[in-house]
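Chemist: Supplied structure: structure.cif, mmCIF, C-alpha atoms; chains and numbers go by the auth columns.
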```cif
data_run
#
loop_
_atom_site.group_PDB
_atom_site.id
_atom_site.type_symbol
_atom_site.label_atom_id
_atom_site.label_comp_id
_atom_site.label_asym_id
_atom_site.label_seq_id
_atom_site.Cartn_x
_atom_site.Cartn_y
_atom_site.Cartn_z
_atom_site.B_iso_or_equiv
_atom_site.auth_seq_id
_atom_site.auth_asym_id
ATOM 1 C CA MET A 1 49.039 130.233 96.005 0.00 1 A
ATOM 2 C CA ARG A 2 49.866 133.735 94.754 0.00 2 A
ATOM 3 C CA LYS A 3 47.402 135.256 97.211 0.00 3 A
ATOM 4 C CA THR A 4 48.976 133.297 100.084 0.00 4 A
ATOM 5 C CA MET A 5 52.477 134.528 99.121 0.00 5 A
ATOM 6 C CA LEU A 6 51.303 138.155 98.977 0.00 6 A
ATOM 7 C CA ILE A 7 49.718 137.857 102.418 0.00 7 A
ATOM 8 C CA THR A 8 52.958 136.352 103.793 0.00 8 A
ATOM 9 C CA VAL A 9 55.065 139.162 102.333 0.00 9 A
ATOM 10 C CA PHE A 10 52.655 141.736 103.754 0.00 10 A
ATOM 11 C CA LEU A 11 52.818 140.169 107.212 0.00 11 A
ATOM 12 C CA ILE A 12 56.639 140.035 107.195 0.00 12 A
ATOM 13 C CA THR A 13 56.847 143.663 106.091 0.00 13 A
ATOM 14 C CA SER A 14 54.320 144.733 108.730 0.00 14 A
ATOM 15 C CA ILE A 15 56.222 142.894 111.463 0.00 15 A
ATOM 16 C CA SER A 16 59.503 144.480 110.352 0.00 16 A
ATOM 17 C CA PHE A 17 58.095 147.993 110.462 0.00 17 A
ATOM 18 C CA THR A 18 56.348 147.277 113.769 0.00 18 A
ATOM 19 C CA PHE A 19 59.652 146.088 115.237 0.00 19 A
ATOM 20 C CA LEU A 20 61.457 149.214 114.058 0.00 20 A
ATOM 21 C CA SER A 21 58.625 151.379 115.359 0.00 21 A
ATOM 22 C CA CYS A 22 58.792 149.722 118.789 0.00 22 A
ATOM 23 C CA GLU A 23 62.562 150.049 118.828 0.00 23 A
ATOM 24 C CA ASP A 24 62.213 153.730 117.906 0.00 24 A
ATOM 25 C CA ASP A 25 59.908 154.202 120.900 0.00 25 A
ATOM 26 C CA THR A 26 62.634 152.990 123.271 0.00 26 A
ATOM 27 C CA ILE A 27 65.695 154.507 121.593 0.00 27 A
ATOM 28 C CA THR A 28 67.301 157.575 123.133 0.00 28 A
ATOM 29 C CA SER A 29 70.322 159.623 122.179 0.00 29 A
ATOM 30 C CA GLU A 30 72.281 157.836 124.923 0.00 30 A
ATOM 31 C CA THR A 31 71.385 154.303 123.814 0.00 31 A
ATOM 32 C CA LEU A 32 71.994 155.200 120.166 0.00 32 A
ATOM 33 C CA ILE A 33 75.420 156.674 120.935 0.00 33 A
ATOM 34 C CA ASP A 34 76.285 153.523 122.901 0.00 34 A
ATOM 35 C CA LYS A 35 75.377 151.373 119.889 0.00 35 A
ATOM 36 C CA CYS A 36 77.468 153.597 117.613 0.00 36 A
ATOM 37 C CA ALA A 37 80.399 153.331 120.006 0.00 37 A
ATOM 38 C CA GLU A 38 80.136 149.540 119.992 0.00 38 A
ATOM 39 C CA ALA A 39 80.021 149.472 116.168 0.00 39 A
ATOM 40 C CA LEU A 40 83.127 151.658 115.909 0.00 40 A
ATOM 41 C CA GLY A 41 85.189 149.499 118.226 0.00 41 A
ATOM 42 C CA GLY A 42 83.864 150.095 121.735 0.00 42 A
ATOM 43 C CA TYR A 43 84.465 152.742 124.380 0.00 43 A
ATOM 44 C CA ASP A 44 87.808 151.228 125.400 0.00 44 A
ATOM 45 C CA ILE A 45 89.100 152.031 121.903 0.00 45 A
ATOM 46 C CA LEU A 46 87.310 155.370 121.476 0.00 46 A
ATOM 47 C CA ASN A 47 88.287 156.767 124.860 0.00 47 A
ATOM 48 C CA ASN A 48 91.938 156.039 124.102 0.00 48 A
ATOM 49 C CA ILE A 49 91.909 158.139 120.927 0.00 49 A
ATOM 50 C CA GLU A 50 93.492 161.538 121.529 0.00 50 A
ATOM 51 C CA THR A 51 94.660 162.496 118.039 0.00 51 A
ATOM 52 C CA LEU A 52 93.964 161.484 114.446 0.00 52 A
ATOM 53 C CA TYR A 53 96.386 162.102 111.597 0.00 53 A
ATOM 54 C CA VAL A 54 94.449 161.690 108.363 0.00 54 A
ATOM 55 C CA LYS A 55 95.674 161.793 104.773 0.00 55 A
ATOM 56 C CA ALA A 56 92.836 162.098 102.270 0.00 56 A
ATOM 57 C CA VAL A 57 92.647 162.459 98.495 0.00 57 A
ATOM 58 C CA TYR A 58 90.338 165.132 97.068 0.00 58 A
ATOM 59 C CA PRO A 59 90.299 164.552 93.278 0.00 59 A
ATOM 60 C CA ASP A 60 89.704 168.200 92.382 0.00 60 A
ATOM 61 C CA HIS A 61 92.969 169.006 94.197 0.00 61 A
ATOM 62 C CA GLY A 62 94.990 166.269 92.495 0.00 62 A
ATOM 63 C CA ASP A 63 96.250 162.856 93.616 0.00 63 A
ATOM 64 C CA ILE A 64 98.551 163.995 96.413 0.00 64 A
ATOM 65 C CA PRO A 65 96.918 163.261 99.816 0.00 65 A
ATOM 66 C CA ARG A 66 96.037 166.299 101.889 0.00 66 A
ATOM 67 C CA GLU A 67 96.912 166.071 105.586 0.00 67 A
ATOM 68 C CA PHE A 68 94.660 166.863 108.517 0.00 68 A
ATOM 69 C CA ILE A 69 95.641 166.498 112.167 0.00 69 A
ATOM 70 C CA MET A 70 93.091 166.779 114.949 0.00 70 A
ATOM 71 C CA LYS A 71 93.280 166.632 118.720 0.00 71 A
ATOM 72 C CA ARG A 72 90.112 165.841 120.604 0.00 72 A
ATOM 73 C CA PRO A 73 87.822 167.492 121.264 0.00 73 A
ATOM 74 C CA ASN A 74 88.332 170.692 119.285 0.00 74 A
ATOM 75 C CA LYS A 75 91.801 171.426 117.912 0.00 75 A
ATOM 76 C CA SER A 76 93.243 170.852 114.451 0.00 76 A
ATOM 77 C CA TYR A 77 96.174 171.635 112.196 0.00 77 A
ATOM 78 C CA ASN A 78 96.373 171.654 108.406 0.00 78 A
ATOM 79 C CA PRO A 79 100.074 171.308 107.434 0.00 79 A
ATOM 80 C CA ARG A 80 99.612 172.192 103.772 0.00 80 A
ATOM 81 C CA ALA A 81 97.931 175.530 104.518 0.00 81 A
ATOM 82 C CA ASP A 82 99.846 175.960 107.790 0.00 82 A
ATOM 83 C CA LEU A 83 96.456 176.623 109.357 0.00 83 A
ATOM 84 C CA VAL A 84 95.572 176.142 113.023 0.00 84 A
ATOM 85 C CA PHE A 85 92.215 175.889 114.764 0.00 85 A
ATOM 86 C CA ASP A 86 92.658 176.206 118.537 0.00 86 A
ATOM 87 C CA GLY A 87 89.036 175.468 119.437 0.00 87 A
ATOM 88 C CA GLU A 88 87.974 179.097 119.111 0.00 88 A
ATOM 89 C CA ARG A 89 89.847 180.761 116.255 0.00 89 A
ATOM 90 C CA ILE A 90 91.411 179.881 112.910 0.00 90 A
ATOM 91 C CA CYS A 91 94.837 181.276 112.070 0.00 91 A
ATOM 92 C CA PHE A 92 97.054 181.142 108.985 0.00 92 A
ATOM 93 C CA LEU A 93 100.465 180.839 110.628 0.00 93 A
ATOM 94 C CA LYS A 94 102.236 182.261 107.583 0.00 94 A
ATOM 95 C CA GLY A 95 99.444 184.556 106.455 0.00 95 A
ATOM 96 C CA ARG A 96 96.997 183.855 103.661 0.00 96 A
ATOM 97 C CA ASP A 97 99.789 184.230 101.107 0.00 97 A
ATOM 98 C CA GLY A 98 101.992 181.681 102.887 0.00 98 A
ATOM 99 C CA ARG A 99 104.868 184.132 103.234 0.00 99 A
ATOM 100 C CA SER A 100 103.713 186.626 105.865 0.00 100 A
ATOM 101 C CA LYS A 101 103.113 186.887 109.603 0.00 101 A
ATOM 102 C CA PRO A 102 100.356 184.927 111.384 0.00 102 A
ATOM 103 C CA GLU A 103 96.921 186.124 110.306 0.00 103 A
ATOM 104 C CA LEU A 104 93.568 185.294 111.835 0.00 104 A
ATOM 105 C CA ALA A 105 90.826 184.151 109.476 0.00 105 A
ATOM 106 C CA PRO A 106 87.610 186.225 109.608 0.00 106 A
ATOM 107 C CA GLU A 107 85.563 185.415 112.708 0.00 107 A
ATOM 108 C CA GLY A 108 82.706 184.139 110.557 0.00 108 A
ATOM 109 C CA ASP A 109 84.993 181.344 109.305 0.00 109 A
ATOM 110 C CA TRP A 110 85.908 179.988 112.736 0.00 110 A
ATOM 111 C CA LYS A 111 82.895 177.665 112.915 0.00 111 A
ATOM 112 C CA ASP A 112 84.314 175.758 109.962 0.00 112 A
ATOM 113 C CA GLY A 113 87.120 174.530 112.209 0.00 113 A
ATOM 114 C CA GLU A 114 84.852 172.586 114.535 0.00 114 A
ATOM 115 C CA VAL A 115 82.731 171.329 111.636 0.00 115 A
ATOM 116 C CA GLU A 116 85.761 169.795 109.916 0.00 116 A
ATOM 117 C CA ILE A 117 86.637 167.962 113.116 0.00 117 A
ATOM 118 C CA GLY A 118 83.014 166.798 113.370 0.00 118 A
ATOM 119 C CA TYR A 119 83.095 164.775 110.168 0.00 119 A
ATOM 120 C CA HIS A 120 86.445 163.175 110.990 0.00 120 A
ATOM 121 C CA PHE A 121 85.316 162.135 114.480 0.00 121 A
ATOM 122 C CA PRO A 122 81.613 162.059 115.463 0.00 122 A
ATOM 123 C CA ALA A 123 80.751 165.153 117.486 0.00 123 A
ATOM 124 C CA PHE A 124 78.114 163.226 119.447 0.00 124 A
ATOM 125 C CA PHE A 125 80.976 161.628 121.391 0.00 125 A
ATOM 126 C CA GLU A 126 82.129 165.096 122.481 0.00 126 A
ATOM 127 C CA TYR A 127 78.991 167.213 122.936 0.00 127 A
ATOM 128 C CA PRO A 128 75.315 166.747 123.892 0.00 128 A
ATOM 129 C CA ALA A 129 73.216 165.229 121.111 0.00 129 A
ATOM 130 C CA GLU A 130 69.495 165.227 120.406 0.00 130 A
ATOM 131 C CA TYR A 131 67.764 162.212 118.893 0.00 131 A
ATOM 132 C CA LEU A 132 65.571 163.279 115.960 0.00 132 A
ATOM 133 C CA GLY A 133 63.961 159.923 115.167 0.00 133 A
ATOM 134 C CA LEU A 134 64.004 157.619 112.152 0.00 134 A
ATOM 135 C CA GLU A 135 64.057 158.585 108.493 0.00 135 A
ATOM 136 C CA ASN A 136 63.380 156.385 105.453 0.00 136 A
ATOM 137 C CA ARG A 137 65.745 156.779 102.499 0.00 137 A
ATOM 138 C CA ASP A 138 65.809 154.478 99.495 0.00 138 A
ATOM 139 C CA GLY A 139 64.046 151.715 101.404 0.00 139 A
ATOM 140 C CA LYS A 140 66.397 151.844 104.391 0.00 140 A
ATOM 141 C CA GLN A 141 65.986 153.222 107.898 0.00 141 A
ATOM 142 C CA PHE A 142 68.360 155.751 109.423 0.00 142 A
ATOM 143 C CA TYR A 143 68.502 157.195 112.912 0.00 143 A
ATOM 144 C CA LYS A 144 69.295 160.895 113.202 0.00 144 A
ATOM 145 C CA LEU A 145 71.352 162.647 115.851 0.00 145 A
ATOM 146 C CA LYS A 146 71.705 166.434 116.004 0.00 146 A
ATOM 147 C CA VAL A 147 74.619 168.195 117.666 0.00 147 A
ATOM 148 C CA ASP A 148 74.841 171.940 118.211 0.00 148 A
ATOM 149 C CA LEU A 149 78.546 172.776 118.316 0.00 149 A
ATOM 150 C CA PRO A 150 79.965 175.370 120.743 0.00 150 A
ATOM 151 C CA LEU A 151 80.658 178.040 118.109 0.00 151 A
ATOM 152 C CA GLY A 152 77.182 177.786 116.606 0.00 152 A
ATOM 153 C CA ALA A 153 77.329 175.237 113.787 0.00 153 A
ATOM 154 C CA ARG A 154 74.834 172.374 113.663 0.00 154 A
ATOM 155 C CA MET A 155 75.664 168.838 112.548 0.00 155 A
ATOM 156 C CA THR A 156 73.146 166.072 111.880 0.00 156 A
ATOM 157 C CA TYR A 157 74.355 162.484 111.678 0.00 157 A
ATOM 158 C CA PHE A 158 72.439 159.822 109.736 0.00 158 A
ATOM 159 C CA ILE A 159 73.140 156.421 111.296 0.00 159 A
ATOM 160 C CA ASP A 160 72.399 153.121 109.573 0.00 160 A
ATOM 161 C CA SER A 161 69.794 151.252 111.648 0.00 161 A
ATOM 162 C CA GLU A 162 71.518 147.915 110.957 0.00 162 A
ATOM 163 C CA THR A 163 75.255 148.654 111.215 0.00 163 A
ATOM 164 C CA TYR A 164 75.131 151.780 113.428 0.00 164 A
ATOM 165 C CA PHE A 165 77.744 153.407 111.214 0.00 165 A
ATOM 166 C CA THR A 166 77.289 157.050 110.251 0.00 166 A
ATOM 167 C CA VAL A 167 76.513 157.120 106.527 0.00 167 A
ATOM 168 C CA LYS A 168 75.846 160.847 106.116 0.00 168 A
ATOM 169 C CA VAL A 169 76.696 163.950 108.092 0.00 169 A
ATOM 170 C CA MET A 170 74.971 167.246 107.340 0.00 170 A
ATOM 171 C CA PHE A 171 76.282 170.569 108.579 0.00 171 A
ATOM 172 C CA GLU A 172 74.808 174.043 108.593 0.00 172 A
ATOM 173 C CA PHE A 173 76.116 177.368 109.845 0.00 173 A
ATOM 174 C CA MET A 174 76.557 180.993 108.899 0.00 174 A
ATOM 175 C CA MET A 175 79.937 181.932 107.479 0.00 175 A
ATOM 176 C CA GLY A 176 79.779 185.692 107.730 0.00 176 A
ATOM 177 C CA GLU A 177 76.630 186.547 105.800 0.00 177 A
ATOM 178 C CA ARG A 178 76.673 183.320 103.774 0.00 178 A
ATOM 179 C CA ALA A 179 74.576 180.333 104.830 0.00 179 A
ATOM 180 C CA ILE A 180 76.401 177.010 104.563 0.00 180 A
ATOM 181 C CA ASN A 181 74.229 173.912 104.112 0.00 181 A
ATOM 182 C CA ASP A 182 76.218 170.907 102.969 0.00 182 A
ATOM 183 C CA TRP A 183 76.837 167.238 103.696 0.00 183 A
ATOM 184 C CA ARG A 184 79.240 164.346 103.351 0.00 184 A
ATOM 185 C CA ASP A 185 78.310 160.763 102.572 0.00 185 A
ATOM 186 C CA LEU A 186 80.538 158.313 104.439 0.00 186 A
ATOM 187 C CA GLY A 187 81.292 154.670 103.656 0.00 187 A
ATOM 188 C CA ASP A 188 83.851 151.886 103.248 0.00 188 A
ATOM 189 C CA TYR A 189 84.546 151.538 106.967 0.00 189 A
ATOM 190 C CA LYS A 190 87.874 149.840 107.706 0.00 190 A
ATOM 191 C CA ASP A 191 89.644 148.816 110.884 0.00 191 A
ATOM 192 C CA VAL A 192 92.445 151.103 112.092 0.00 192 A
ATOM 193 C CA ASP A 193 93.976 149.730 115.279 0.00 193 A
ATOM 194 C CA GLY A 194 90.562 148.584 116.453 0.00 194 A
ATOM 195 C CA PHE A 195 88.768 151.778 115.390 0.00 195 A
ATOM 196 C CA LYS A 196 86.351 151.578 112.460 0.00 196 A
ATOM 197 C CA TYR A 197 86.960 154.609 110.241 0.00 197 A
ATOM 198 C CA PRO A 198 85.184 155.542 106.957 0.00 198 A
ATOM 199 C CA HIS A 199 87.588 155.408 104.007 0.00 199 A
ATOM 200 C CA SER A 200 85.358 156.961 101.349 0.00 200 A
ATOM 201 C CA PHE A 201 83.369 160.175 101.355 0.00 201 A
ATOM 202 C CA THR A 202 81.605 162.595 99.067 0.00 202 A
ATOM 203 C CA TYR A 203 82.146 166.330 99.214 0.00 203 A
ATOM 204 C CA ASN A 204 81.127 169.515 97.450 0.00 204 A
ATOM 205 C CA SER A 205 84.142 170.309 95.267 0.00 205 A
ATOM 206 C CA ARG A 206 84.921 173.292 93.108 0.00 206 A
ATOM 207 C CA THR A 207 83.576 171.338 90.113 0.00 207 A
ATOM 208 C CA GLY A 208 80.528 169.752 91.763 0.00 208 A
ATOM 209 C CA ARG A 209 79.894 166.688 93.891 0.00 209 A
ATOM 210 C CA GLN A 210 82.865 164.348 93.989 0.00 210 A
ATOM 211 C CA LYS A 211 84.018 161.238 95.823 0.00 211 A
ATOM 212 C CA GLY A 212 87.198 161.302 97.846 0.00 212 A
ATOM 213 C CA TRP A 213 89.013 158.564 99.708 0.00 213 A
ATOM 214 C CA ILE A 214 91.285 158.087 102.683 0.00 214 A
ATOM 215 C CA HIS A 215 94.937 157.329 101.982 0.00 215 A
ATOM 216 C CA SER A 216 95.897 156.611 105.602 0.00 216 A
ATOM 217 C CA VAL A 217 94.847 157.173 109.218 0.00 217 A
ATOM 218 C CA GLU A 218 97.151 157.186 112.237 0.00 218 A
ATOM 219 C CA ILE A 219 95.902 157.183 115.825 0.00 219 A
ATOM 220 C CA ASN A 220 97.801 158.939 118.621 0.00 220 A
ATOM 221 C CA ASN A 221 100.781 159.789 116.439 0.00 221 A
ATOM 222 C CA GLN A 222 103.551 161.369 118.509 0.00 222 A
ATOM 223 C CA MET A 223 103.291 165.132 118.055 0.00 223 A
ATOM 224 C CA SER A 224 103.781 168.281 120.064 0.00 224 A
ATOM 225 C CA ASP A 225 100.771 170.202 121.376 0.00 225 A
ATOM 226 C CA ASP A 226 102.541 173.314 120.090 0.00 226 A
ATOM 227 C CA ILE A 227 101.186 172.698 116.593 0.00 227 A
ATOM 228 C CA PHE A 228 97.698 173.538 117.861 0.00 228 A
ATOM 229 C CA VAL A 229 98.704 176.859 119.420 0.00 229 A
ATOM 230 C CA ILE A 230 98.017 180.228 117.806 0.00 230 A
ATOM 231 C CA PRO A 231 100.859 182.673 118.510 0.00 231 A
ATOM 232 C CA ASP A 232 100.187 186.004 120.205 0.00 232 A
ATOM 233 C CA ILE A 233 99.578 188.416 117.348 0.00 233 A
ATOM 234 C CA SER A 234 97.902 191.173 119.344 0.00 234 A
ATOM 235 C CA SER A 235 100.898 193.470 118.982 0.00 235 A
ATOM 236 C CA GLU A 236 101.605 192.701 115.326 0.00 236 A
#
```
Output the structure of this file as structure tokens.
Modeler:
Amino acid sequence: MRKTMLITVFLITSISFTFLSCEDDTITSETLIDKCAEALGGYDILNNIETLYVKAVYPDHGDIPREFIMKRPNKSYNPRADLVFDGERICFLKGRDGRSKPELAPEGDWKDGEVEIGYHFPAFFEYPAEYLGLENRDGKQFYKLKVDLPLGARMTYFIDSETYFTVKVMFEFMMGERAINDWRDLGDYKDVDGFKYPHSFTYNSRTGRQKGWIHSVEINNQMSDDIFVIPDISSE
């Protein structure tokens, strides 16, 4: 009896892995992105998203939610720091001290702007993606998609083979002479006006790895495009 049960378990496991292997043979970046789009609400929902206004809590910064506003595909504004990313450059609108004239961040930091957008909204919906295959982690299977962003950063998305939600996003780039290799774990997906958005995440804080959470998400909030514009500071 025990031998029969072991053989049955072996056969079921073999069939499962064979099925995943066959599916992996037919999967492409395009079909995988389509499945991700369906899981997140469908293209009708995704294509209608122009802006996201996110309030998130980072425990090492206290309990007050920190705001982040993004406009697809590559613009963002951080109200607390009065910091703008216009798709190419990052600028502190009131200087680094918060009391001065607009000041550009060092050019090596500009890639961070597009990376931050890439873990709030999957970059594979905006830019070409390369399918890297399946990876086993803790007994589960994850598809991997790699996106090379326009300014030079690279993001790799780990996608659950059952739900097609992104569960981890890794990012790597050079910030000046410093190599950045980091990641965020994503989870607790909730419905926001038809769009499934992760409401928990891990991040590399000033005191080590921590878990943050989303306070609120607003889609297509009424706002002026002026908040994403860097003023002319060439003569200052």
Chemist: I would like the residues chosen by the PyMOL selection byres ((chain A and resi 84) around 9) on the shown file; could you give them as an mmCIF file with C-alpha atoms, in the frame of the given file?
Modeler:
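The resulting file, selection-v2.cif, is shown below:
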```
data_model
loop_
_atom_site.group_PDB
_atom_site.id
_atom_site.type_symbol
_atom_site.label_atom_id
_atom_site.label_comp_id
_atom_site.auth_asym_id
_atom_site.auth_seq_id
_atom_site.Cartn_x
_atom_site.Cartn_y
_atom_site.Cartn_z
ATOM 1 C CA LYS A 75 91.801 171.426 117.912
ATOM 2 C CA SER A 76 93.243 170.852 114.451
ATOM 3 C CA TYR A 77 96.174 171.635 112.196
ATOM 4 C CA ASN A 78 96.373 171.654 108.406
ATOM 5 C CA PRO A 79 100.074 171.308 107.434
ATOM 6 C CA ALA A 81 97.931 175.530 104.518
ATOM 7 C CA ASP A 82 99.846 175.960 107.790
ATOM 8 C CA LEU A 83 96.456 176.623 109.357
ATOM 9 C CA PHE A 85 92.215 175.889 114.764
ATOM 10 C CA ASP A 86 92.658 176.206 118.537
ATOM 11 C CA ARG A 89 89.847 180.761 116.255
ATOM 12 C CA ILE A 90 91.411 179.881 112.910
ATOM 13 C CA CYS A 91 94.837 181.276 112.070
ATOM 14 C CA PHE A 92 97.054 181.142 108.985
ATOM 15 C CA LEU A 93 100.465 180.839 110.628
ATOM 16 C CA GLY A 113 87.120 174.530 112.209
ATOM 17 C CA ILE A 227 101.186 172.698 116.593
ATOM 18 C CA PHE A 228 97.698 173.538 117.861
ATOM 19 C CA VAL A 229 98.704 176.859 119.420
ATOM 20 C CA ILE A 230 98.017 180.228 117.806
#
```
Chemist: Expressed in Å to a single decimal, how great is the separation between CA of Ile159 (chain A) and CA of Thr202 (chain A)?
Modeler: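 Answer for the CA of Ile159 (chain A) to CA of Thr202 (chain A) separation: 16.1 Å.
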Chemist: Might you spell out which residues the PyMOL selection byres ((chain A and resi 186) around 12) would select in the displayed file, as an NGL selection string?
Modeler: :A and (119-122 or 157-160 or 165-170 or 183-185 or 187-190 or 196-203 or 211-214)
Chemist: Just write the chosen residues, C-alpha atoms, as a PDB file, in the coordinates of the input.
Modeler:
```
ATOM      1  CA  TYR A 119      83.095 164.775 110.168  1.00  0.00           C
ATOM      2  CA  HIS A 120      86.445 163.175 110.990  1.00  0.00           C
ATOM      3  CA  PHE A 121      85.316 162.135 114.480  1.00  0.00           C
ATOM      4  CA  PRO A 122      81.613 162.059 115.463  1.00  0.00           C
ATOM      5  CA  TYR A 157      74.355 162.484 111.678  1.00  0.00           C
ATOM      6  CA  PHE A 158      72.439 159.822 109.736  1.00  0.00           C
ATOM      7  CA  ILE A 159      73.140 156.421 111.296  1.00  0.00           C
ATOM      8  CA  ASP A 160      72.399 153.121 109.573  1.00  0.00           C
ATOM      9  CA  PHE A 165      77.744 153.407 111.214  1.00  0.00           C
ATOM     10  CA  THR A 166      77.289 157.050 110.251  1.00  0.00           C
ATOM     11  CA  VAL A 167      76.513 157.120 106.527  1.00  0.00           C
ATOM     12  CA  LYS A 168      75.846 160.847 106.116  1.00  0.00           C
ATOM     13  CA  VAL A 169      76.696 163.950 108.092  1.00  0.00           C
ATOM     14  CA  MET A 170      74.971 167.246 107.340  1.00  0.00           C
ATOM     15  CA  TRP A 183      76.837 167.238 103.696  1.00  0.00           C
ATOM     16  CA  ARG A 184      79.240 164.346 103.351  1.00  0.00           C
ATOM     17  CA  ASP A 185      78.310 160.763 102.572  1.00  0.00           C
ATOM     18  CA  GLY A 187      81.292 154.670 103.656  1.00  0.00           C
ATOM     19  CA  ASP A 188      83.851 151.886 103.248  1.00  0.00           C
ATOM     20  CA  TYR A 189      84.546 151.538 106.967  1.00  0.00           C
ATOM     21  CA  LYS A 190      87.874 149.840 107.706  1.00  0.00           C
ATOM     22  CA  LYS A 196      86.351 151.578 112.460  1.00  0.00           C
ATOM     23  CA  TYR A 197      86.960 154.609 110.241  1.00  0.00           C
ATOM     24  CA  PRO A 198      85.184 155.542 106.957  1.00  0.00           C
ATOM     25  CA  HIS A 199      87.588 155.408 104.007  1.00  0.00           C
ATOM     26  CA  SER A 200      85.358 156.961 101.349  1.00  0.00           C
ATOM     27  CA  PHE A 201      83.369 160.175 101.355  1.00  0.00           C
ATOM     28  CA  THR A 202      81.605 162.595  99.067  1.00  0.00           C
ATOM     29  CA  TYR A 203      82.146 166.330  99.214  1.00  0.00           C
ATOM     30  CA  LYS A 211      84.018 161.238  95.823  1.00  0.00           C
ATOM     31  CA  GLY A 212      87.198 161.302  97.846  1.00  0.00           C
ATOM     32  CA  TRP A 213      89.013 158.564  99.708  1.00  0.00           C
ATOM     33  CA  ILE A 214      91.285 158.087 102.683  1.00  0.00           C
TER      34      ILE A 214
END
```
Chemist: Give me the residues within 10 Å of Glu162 (chain A) as a list in words, counting all atoms listed in the file and dropping any in the same chain fewer than 5 places off.
Modeler: Lys140, Gln141, Phe142 and Tyr143 of chain A
Chemist: Taking all atoms listed in the file into account, which of A:Asp109, A:Glu218, A:Asp138, A:Asp148 comes nearest Glu67 (chain A)?
Modeler: A:Glu218
Chemist: Evaluate the PyMOL selection byres ((chain A and resi 154) around 9) and record the selected residues as a list of chain:residue names, following the chain and residue labels used in the document.
Modeler: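 For this structure, the PyMOL selection byres ((chain A and resi 154) around 9) captures A:Val115, A:Lys146, A:Val147, A:Asp148, A:Leu149, A:Gly152, A:Ala153, A:Met155, A:Thr156, A:Met170, A:Phe171, A:Glu172, A:Phe173.
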Chemist: Between A:Asp112, A:Gly41, A:Thr28, A:Asp226, single out the one closest to Asn181 (chain A), counting only C-alpha atoms.
Modeler: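 Going through A:Asp112, A:Gly41, A:Thr28, A:Asp226 one by one, the smallest distance to Asn181 (chain A) is for A:Asp112.
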Chemist: Measuring between only C-alpha atoms, which one of A:Gly176, A:Arg66, A:Ala129, A:Glu38 shows the shortest distance to Ala105 (chain A)?
Modeler: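 The closest residue to Ala105 (chain A) is A:Gly176.
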Chemist: Which one of A:Val217, A:Met70, A:Cys36, A:Val192 sits closest to Glu114 (chain A) if you count only C-alpha atoms?
Modeler: A:Met70
Chemist: Determine the nearest neighbour of Ser216 (chain A) from the options A:Asp191, A:Asp232, A:Asp44, A:Asp60, counting only C-alpha atoms.
Modeler: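 Distance minimum relative to Ser216 (chain A) lands on A:Asp191.
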Chemist: Record the distance separating CA of Leu134 (chain A) and CA of Ser205 (chain A), expressed in Å with one decimal.
Modeler: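 Pair CA of Leu134 (chain A) / CA of Ser205 (chain A) returns 29.2 Å.
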Chemist: Quick one: pull the distance between CA of Tyr43 (chain A) and CA of Ile219 (chain A), Å, one decimal.
Modeler: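 We find that CA of Tyr43 (chain A) and CA of Ile219 (chain A) lie 15.0 Å from each other.
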Chemist: Calculated over only C-alpha atoms, which of the candidates A:Gly95, A:Lys35, A:Gly208, A:Leu52 has the smallest distance to Gln222 (chain A)?
Modeler: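 For Gln222 (chain A), the nearest of the given residues is A:Leu52.
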Chemist: Set up a box along x, y and z of the file covering all listed atoms of region 46-53 of chain A, add 4 Å on every one of the six sides, and write the centre and edge lengths in Å to one decimal, as JSON.
Modeler:
```
{"center_x": 91.8, "center_y": 158.9, "center_z": 118.2, "size_x": 17.1, "size_y": 15.1, "size_z": 21.3}
```
Chemist: Have region 39-47 of chain A completed to N, CA and C atoms, please, and pass it along as a JSON list (two decimals), in the coordinates of the input.
Modeler:
```
[["chain", "number", "residue", "atom", "x", "y", "z"],
["A", 39, "ALA", "N", 79.76, 149.76, 117.58],
["A", 39, "ALA", "CA", 80.02, 149.47, 116.17],
["A", 39, "ALA", "C", 81.40, 149.96, 115.74],
["A", 40, "LEU", "N", 81.85, 151.07, 116.31],
["A", 40, "LEU", "CA", 83.13, 151.66, 115.91],
["A", 40, "LEU", "C", 84.32, 151.06, 116.63],
["A", 41, "GLY", "N", 84.07, 150.14, 117.55],
["A", 41, "GLY", "CA", 85.19, 149.50, 118.23],
["A", 41, "GLY", "C", 85.05, 149.40, 119.73],
["A", 42, "GLY", "N", 84.08, 150.12, 120.30],
["A", 42, "GLY", "CA", 83.86, 150.10, 121.74],
["A", 42, "GLY", "C", 84.50, 151.28, 122.45],
["A", 43, "TYR", "N", 83.99, 151.58, 123.63],
["A", 43, "TYR", "CA", 84.46, 152.74, 124.38],
["A", 43, "TYR", "C", 85.93, 152.61, 124.80],
["A", 44, "ASP", "N", 86.40, 151.39, 125.02],
["A", 44, "ASP", "CA", 87.81, 151.23, 125.40],
["A", 44, "ASP", "C", 88.72, 151.76, 124.30],
["A", 45, "ILE", "N", 88.33, 151.53, 123.05],
["A", 45, "ILE", "CA", 89.10, 152.03, 121.90],
["A", 45, "ILE", "C", 88.89, 153.52, 121.74],
["A", 46, "LEU", "N", 87.63, 153.96, 121.73],
["A", 46, "LEU", "CA", 87.31, 155.37, 121.48],
["A", 46, "LEU", "C", 87.91, 156.29, 122.53],
["A", 47, "ASN", "N", 87.80, 155.90, 123.78],
["A", 47, "ASN", "CA", 88.29, 156.77, 124.86],
["A", 47, "ASN", "C", 89.80, 156.90, 124.86]]
```
